[in-house]
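> For reference, this is my_file.tsv, and it has TSV, C-alpha atoms.
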```tsv
chain	number	residue	atom	x	y	z
A	1	MET	CA	-18.57	52.23	0.41
A	2	LYS	CA	-18.35	49.28	2.80
A	3	LYS	CA	-19.90	46.02	1.69
A	4	ILE	CA	-21.82	44.34	4.49
A	5	LEU	CA	-22.24	40.59	4.37
A	6	THR	CA	-25.42	39.25	5.83
A	7	PRO	CA	-25.40	35.77	7.34
A	8	HIS	CA	-27.21	34.48	4.23
A	9	SER	CA	-24.74	36.01	1.77
A	10	ALA	CA	-21.74	34.84	3.83
A	11	ALA	CA	-23.16	31.32	3.95
A	12	GLY	CA	-23.80	31.44	0.20
A	13	ALA	CA	-20.26	32.60	-0.48
A	14	SER	CA	-18.86	29.87	1.76
A	15	LEU	CA	-20.98	27.25	0.04
A	16	ALA	CA	-19.88	28.45	-3.40
A	17	PHE	CA	-16.22	28.32	-2.32
A	18	PHE	CA	-16.68	24.83	-0.85
A	19	LEU	CA	-18.34	23.54	-4.03
A	20	ALA	CA	-15.62	25.10	-6.19
A	21	CYS	CA	-12.99	23.27	-4.13
A	22	LEU	CA	-14.83	19.97	-4.52
A	23	ALA	CA	-15.35	20.24	-8.26
A	24	PRO	CA	-11.84	19.21	-9.38
A	25	GLN	CA	-11.77	16.36	-6.86
A	26	SER	CA	-15.09	14.94	-7.96
A	27	GLN	CA	-13.88	14.95	-11.57
A	28	SER	CA	-10.75	12.99	-10.67
A	29	GLN	CA	-12.73	10.54	-8.56
A	30	SER	CA	-15.19	9.91	-11.38
A	31	ALA	CA	-12.44	8.52	-13.61
A	32	SER	CA	-13.35	5.19	-15.09
A	33	PRO	CA	-12.08	2.06	-13.31
A	34	ALA	CA	-9.99	1.22	-16.37
A	35	THR	CA	-8.13	4.53	-16.00
A	36	SER	CA	-7.33	3.98	-12.33
A	37	GLN	CA	-6.38	0.35	-12.95
A	38	ALA	CA	-3.95	1.38	-15.71
A	39	ALA	CA	-2.17	3.67	-13.27
A	40	GLU	CA	-1.51	0.81	-10.84
A	41	ARG	CA	1.79	-0.98	-11.38
A	42	GLN	CA	1.77	-4.72	-10.68
A	43	VAL	CA	4.77	-6.75	-9.59
A	44	ALA	CA	4.49	-10.56	-9.41
A	45	LEU	CA	6.43	-12.14	-6.54
A	46	ALA	CA	6.72	-15.90	-5.94
A	47	ILE	CA	8.01	-17.35	-2.68
A	48	VAL	CA	9.71	-20.73	-3.21
A	49	GLN	CA	11.49	-22.51	-0.37
A	50	ARG	CA	11.03	-19.43	1.86
A	51	LYS	CA	12.78	-17.06	-0.55
A	52	ILE	CA	11.58	-14.89	-3.39
A	53	ALA	CA	12.28	-16.66	-6.67
A	54	ALA	CA	14.25	-14.41	-9.04
A	55	LYS	CA	14.62	-12.13	-6.04
A	56	PRO	CA	14.32	-8.41	-6.63
A	57	PRO	CA	16.25	-6.98	-3.68
A	58	THR	CA	14.38	-3.68	-3.95
A	59	ILE	CA	11.30	-2.41	-5.75
A	60	ARG	CA	11.38	1.35	-6.30
A	61	VAL	CA	8.32	3.53	-6.83
A	62	ARG	CA	7.62	7.25	-6.77
A	63	GLN	CA	5.67	8.80	-3.91
A	64	HIS	CA	1.88	8.60	-4.55
A	65	GLU	CA	2.33	5.88	-7.16
A	66	LYS	CA	-0.07	2.97	-6.81
A	67	ILE	CA	1.48	-0.46	-6.80
A	68	SER	CA	0.17	-3.96	-6.32
A	69	LEU	CA	2.48	-6.71	-5.07
A	70	VAL	CA	0.97	-9.95	-6.38
A	71	TRP	CA	2.09	-12.87	-4.20
A	72	THR	CA	2.19	-16.66	-4.64
A	73	SER	CA	3.91	-19.18	-2.37
A	74	ASP	CA	4.70	-22.86	-2.21
A	75	GLU	CA	3.60	-22.95	1.48
A	76	ILE	CA	1.38	-20.83	3.69
A	77	VAL	CA	3.14	-17.63	4.74
A	78	ASN	CA	2.28	-14.46	6.67
A	79	ILE	CA	3.73	-11.42	4.83
A	80	HIS	CA	4.17	-8.00	6.46
A	81	LEU	CA	5.00	-4.70	4.75
A	82	HIS	CA	6.56	-2.65	7.53
A	83	GLY	CA	5.85	1.07	7.71
A	84	TYR	CA	2.55	0.67	5.88
A	85	ASP	CA	1.44	-2.04	8.34
A	86	GLN	CA	-0.04	-4.27	5.68
A	87	LEU	CA	-0.28	-7.89	6.64
A	88	LEU	CA	-1.62	-10.78	4.56
A	89	ILE	CA	-1.62	-14.54	4.39
A	90	VAL	CA	-0.67	-16.33	1.16
A	91	LYS	CA	-1.68	-19.97	0.82
A	92	PRO	CA	-0.29	-22.42	-1.74
A	93	GLY	CA	-2.24	-22.34	-4.98
A	94	GLU	CA	-3.63	-18.85	-4.27
A	95	THR	CA	-2.64	-15.48	-5.67
A	96	VAL	CA	-3.01	-12.59	-3.22
A	97	SER	CA	-2.53	-8.89	-3.96
A	98	MET	CA	-1.14	-6.31	-1.57
A	99	ARG	CA	-2.26	-2.91	-2.90
A	100	ILE	CA	-0.24	0.11	-1.82
A	101	ASP	CA	-0.75	3.81	-2.37
A	102	ALA	CA	2.88	4.80	-1.80
A	103	SER	CA	2.16	8.01	0.10
A	104	VAL	CA	5.00	7.81	2.64
A	105	PRO	CA	8.56	8.06	1.31
A	106	GLY	CA	11.24	5.78	2.72
A	107	ARG	CA	12.67	2.27	2.58
A	108	PHE	CA	10.36	-0.41	3.96
A	109	PRO	CA	11.20	-4.08	4.53
A	110	VAL	CA	8.80	-6.81	3.50
A	111	SER	CA	9.14	-9.75	5.88
A	112	ALA	CA	7.70	-13.20	6.40
A	113	HIS	CA	6.36	-13.54	9.95
A	114	GLY	CA	5.71	-17.21	9.99
A	115	TYR	CA	5.41	-20.13	7.62
A	116	GLY	CA	3.09	-23.11	7.92
A	117	ALA	CA	1.00	-23.31	11.10
A	118	ALA	CA	2.63	-20.17	12.53
A	119	ALA	CA	1.32	-18.14	9.58
A	120	GLU	CA	-2.26	-19.24	10.23
A	121	ASP	CA	-2.22	-17.56	13.64
A	122	LYS	CA	-2.35	-14.09	12.08
A	123	GLY	CA	-5.03	-12.96	14.54
A	124	LYS	CA	-2.76	-13.69	17.46
A	125	GLN	CA	0.05	-11.48	18.76
A	126	HIS	CA	2.26	-10.18	15.97
A	127	LYS	CA	5.89	-10.99	16.78
A	128	HIS	CA	8.90	-9.86	14.83
A	129	GLN	CA	11.36	-12.64	14.25
A	130	HIS	CA	15.00	-11.95	13.52
A	131	MET	CA	14.83	-13.01	9.90
A	132	ALA	CA	16.25	-11.18	6.93
A	133	PRO	CA	13.58	-9.32	4.94
A	134	LEU	CA	12.32	-10.98	1.78
A	135	MET	CA	12.76	-7.68	-0.06
A	136	TYR	CA	12.45	-3.89	0.28
A	137	LEU	CA	9.97	-1.36	-1.05
A	138	GLU	CA	11.57	2.05	-1.65
A	139	VAL	CA	9.24	5.00	-2.05
A	140	LEU	CA	11.16	7.89	-3.60
A	141	PRO	CA	9.95	11.44	-2.82
A	142	GLN	CA	8.38	13.38	-5.68
```
What would the structure in this file look like if it were written as C-alpha cells?

Amino acid sequence: MKKILTPHSAAGASLAFFLACLAPQSQSQSASPATSQAAERQVALAIVQRKIAAKPPTIRVRQHEKISLVWTSDEIVNIHLHGYDQLLIVKPGETVSMRIDASVPGRFPVSAHGYGAAAEDKGKQHKHQHMAPLMYLEVLPQ
C-alpha cells in the first residue's frame, strides 16, 4: 500500500526533522559562560621596543580551538592577524584581547602596521609595510 503525504503531514514531518536537527545545537549553545570561557586558551603577549618580549616565534593551536591573544605594548601599535583579517589598536597601559575561533588551518603572520601616530590612523587605508612579522599563528588541521 502506498503512503500518501498530504501537504500538512509533509510540513509536519519537515518541521519535526528541522527541530530534531536543532536540538543538539541548542544544547551546546546553552552551555554556561564558564564552560565556554574554560575552553578558550589565553596567551599573553607584550610588545616592548617594537618586538614581542620573550618572543614566541609561533603559537600553535588545533583547528576550531578558541584562543585569545592578550596584548600589551609600551607604545601605541596597530596589530593585524593576516588571514583572519583581525585588526586592533593597543595603547600603552591598556590590555586588549584578540579572540580567534581558529576555523581555518594554515600559518598566519601577526604584524604591526604602524606605531605611534601611524597606528592611530586605523580607519584610513590599510597598507602593508615590509616589516618582519611579530609572530605566527599556526592552526593545525584536526
> What gap, in Å, lies between atom CA of Leu140 of chain A and atom CA of Ile67 of chain A?
13.2 Å
> What's the separation between atom CA of Ala102 of chain A and atom CA of Asp74 of chain A, in Å to one decimal place?
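Pair atom CA of Ala102 of chain A / atom CA of Asp74 of chain A returns 27.7 Å.
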> Would you compute the distance between atom CA of Ile76 of chain A and atom CA of Gly114 of chain A? Give it in Å to one decimal.
8.5 Å
> Pick the closest to Leu137 of chain A from A:Val61, A:Ala112, A:Ile47, A:Ile79: which is it, counting all atoms listed in the file?
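When distances to Leu137 of chain A are compared using all atoms listed in the file, the smallest one comes from A:Val61.
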> If we count all atoms listed in the file and set the cut-off at 12 Å, which residues sit around Arg62 of chain A, ignoring sequence neighbours fewer than 3 positions away in its own chain? Please answer as a list in words.
Glu40, Arg41, Ile59, Glu65, Lys66, Ile67, Ile100, Asp101, Ala102, Ser103, Val104, Pro105, Gly106, Arg107, Leu137, Glu138, Val139, Leu140, Pro141 and Gln142 of chain A
> What's around Pro57 of chain A at 10 Å? Count all atoms listed in the file, leave out sequence neighbours fewer than 6 positions away in its own chain, and write the answer as a PyMOL selection string.
chain A and resi 133-137
> Using only C-alpha atoms, which residue out of A:His82, A:Arg99, A:Lys51, A:His113 lies closest to Val70 of chain A?
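Under the stated criterion, the closest residue is A:Arg99.
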> Hey, could you patch up segment 80-91 of chain A with all heavy atoms and hand it over as an mmCIF file, in the frame of the given file?

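Result written to rebuild23.cif:
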```cif
data_model
loop_
_atom_site.group_PDB
_atom_site.id
_atom_site.type_symbol
_atom_site.label_atom_id
_atom_site.label_comp_id
_atom_site.auth_asym_id
_atom_site.auth_seq_id
_atom_site.Cartn_x
_atom_site.Cartn_y
_atom_site.Cartn_z
ATOM 1 N N HIS A 80 4.377 -9.302 5.821
ATOM 2 C CA HIS A 80 4.170 -8.000 6.460
ATOM 3 C C HIS A 80 5.001 -6.934 5.754
ATOM 4 O O HIS A 80 6.210 -7.065 5.644
ATOM 5 C CB HIS A 80 4.587 -8.081 7.932
ATOM 6 C CG HIS A 80 4.414 -6.812 8.684
ATOM 7 N ND1 HIS A 80 5.136 -6.532 9.817
ATOM 8 C CD2 HIS A 80 3.611 -5.733 8.492
ATOM 9 C CE1 HIS A 80 4.788 -5.343 10.283
ATOM 10 N NE2 HIS A 80 3.872 -4.835 9.491
ATOM 11 N N LEU A 81 4.319 -5.877 5.284
ATOM 12 C CA LEU A 81 5.000 -4.700 4.750
ATOM 13 C C LEU A 81 5.118 -3.704 5.886
ATOM 14 O O LEU A 81 4.125 -3.109 6.312
ATOM 15 C CB LEU A 81 4.221 -4.087 3.577
ATOM 16 C CG LEU A 81 4.720 -2.719 3.072
ATOM 17 C CD1 LEU A 81 6.171 -2.782 2.604
ATOM 18 C CD2 LEU A 81 3.815 -2.205 1.971
ATOM 19 N N HIS A 82 6.316 -3.558 6.411
ATOM 20 C CA HIS A 82 6.560 -2.650 7.530
ATOM 21 C C HIS A 82 6.390 -1.204 7.083
ATOM 22 O O HIS A 82 6.598 -0.872 5.923
ATOM 23 C CB HIS A 82 7.986 -2.858 8.069
ATOM 24 C CG HIS A 82 8.200 -4.226 8.629
ATOM 25 N ND1 HIS A 82 8.077 -4.510 9.960
ATOM 26 C CD2 HIS A 82 8.503 -5.403 8.018
ATOM 27 C CE1 HIS A 82 8.310 -5.790 10.168
ATOM 28 N NE2 HIS A 82 8.569 -6.362 8.999
ATOM 29 N N GLY A 83 6.029 -0.341 8.009
ATOM 30 C CA GLY A 83 5.850 1.070 7.710
ATOM 31 C C GLY A 83 4.465 1.378 7.197
ATOM 32 O O GLY A 83 3.866 2.381 7.565
ATOM 33 N N TYR A 84 3.918 0.519 6.368
ATOM 34 C CA TYR A 84 2.550 0.670 5.880
ATOM 35 C C TYR A 84 1.612 -0.256 6.658
ATOM 36 O O TYR A 84 0.416 -0.235 6.473
ATOM 37 C CB TYR A 84 2.468 0.372 4.381
ATOM 38 C CG TYR A 84 2.983 1.511 3.545
ATOM 39 C CD1 TYR A 84 4.339 1.627 3.240
ATOM 40 C CD2 TYR A 84 2.124 2.494 3.080
ATOM 41 C CE1 TYR A 84 4.811 2.679 2.487
ATOM 42 C CE2 TYR A 84 2.589 3.551 2.324
ATOM 43 C CZ TYR A 84 3.934 3.634 2.034
ATOM 44 O OH TYR A 84 4.401 4.688 1.287
ATOM 45 N N ASP A 85 2.186 -1.098 7.505
ATOM 46 C CA ASP A 85 1.440 -2.040 8.340
ATOM 47 C C ASP A 85 0.411 -2.843 7.569
ATOM 48 O O ASP A 85 -0.728 -2.987 7.992
ATOM 49 C CB ASP A 85 0.789 -1.331 9.533
ATOM 50 C CG ASP A 85 1.812 -1.002 10.603
ATOM 51 O OD1 ASP A 85 2.834 -1.708 10.673
ATOM 52 O OD2 ASP A 85 1.606 -0.032 11.339
ATOM 53 N N GLN A 86 0.824 -3.368 6.440
ATOM 54 C CA GLN A 86 -0.040 -4.270 5.680
ATOM 55 C C GLN A 86 0.413 -5.693 5.967
ATOM 56 O O GLN A 86 1.604 -6.000 5.917
ATOM 57 C CB GLN A 86 0.025 -3.956 4.198
ATOM 58 C CG GLN A 86 -0.657 -2.660 3.869
ATOM 59 C CD GLN A 86 -1.093 -2.609 2.426
ATOM 60 O OE1 GLN A 86 -1.402 -3.631 1.818
ATOM 61 N NE2 GLN A 86 -1.130 -1.419 1.885
ATOM 62 N N LEU A 87 -0.550 -6.519 6.264
ATOM 63 C CA LEU A 87 -0.280 -7.890 6.640
ATOM 64 C C LEU A 87 -1.245 -8.787 5.863
ATOM 65 O O LEU A 87 -2.436 -8.487 5.777
ATOM 66 C CB LEU A 87 -0.536 -8.032 8.148
ATOM 67 C CG LEU A 87 -0.074 -9.257 8.878
ATOM 68 C CD1 LEU A 87 1.440 -9.396 8.814
ATOM 69 C CD2 LEU A 87 -0.512 -9.181 10.333
ATOM 70 N N LEU A 88 -0.726 -9.856 5.268
ATOM 71 C CA LEU A 88 -1.620 -10.780 4.560
ATOM 72 C C LEU A 88 -1.070 -12.182 4.626
ATOM 73 O O LEU A 88 0.109 -12.397 4.877
ATOM 74 C CB LEU A 88 -1.859 -10.344 3.115
ATOM 75 C CG LEU A 88 -0.669 -10.202 2.155
ATOM 76 C CD1 LEU A 88 -0.311 -11.529 1.530
ATOM 77 C CD2 LEU A 88 -1.033 -9.220 1.068
ATOM 78 N N ILE A 89 -1.982 -13.124 4.414
ATOM 79 C CA ILE A 89 -1.620 -14.540 4.390
ATOM 80 C C ILE A 89 -1.717 -15.026 2.945
ATOM 81 O O ILE A 89 -2.705 -14.767 2.265
ATOM 82 C CB ILE A 89 -2.533 -15.371 5.292
ATOM 83 C CG1 ILE A 89 -2.271 -15.031 6.752
ATOM 84 C CG2 ILE A 89 -2.310 -16.861 5.051
ATOM 85 C CD1 ILE A 89 -3.118 -15.817 7.719
ATOM 86 N N VAL A 90 -0.672 -15.725 2.502
ATOM 87 C CA VAL A 90 -0.670 -16.330 1.160
ATOM 88 C C VAL A 90 -0.637 -17.837 1.358
ATOM 89 O O VAL A 90 0.228 -18.364 2.057
ATOM 90 C CB VAL A 90 0.550 -15.865 0.343
ATOM 91 C CG1 VAL A 90 0.512 -16.460 -1.048
ATOM 92 C CG2 VAL A 90 0.633 -14.351 0.286
ATOM 93 N N LYS A 91 -1.600 -18.511 0.742
ATOM 94 C CA LYS A 91 -1.680 -19.970 0.820
ATOM 95 C C LYS A 91 -1.246 -20.567 -0.511
ATOM 96 O O LYS A 91 -1.428 -19.940 -1.555
ATOM 97 C CB LYS A 91 -3.109 -20.403 1.146
ATOM 98 C CG LYS A 91 -3.566 -19.935 2.513
ATOM 99 C CD LYS A 91 -5.000 -20.338 2.785
ATOM 100 C CE LYS A 91 -5.419 -19.827 4.155
ATOM 101 N NZ LYS A 91 -6.829 -20.108 4.425
#
```
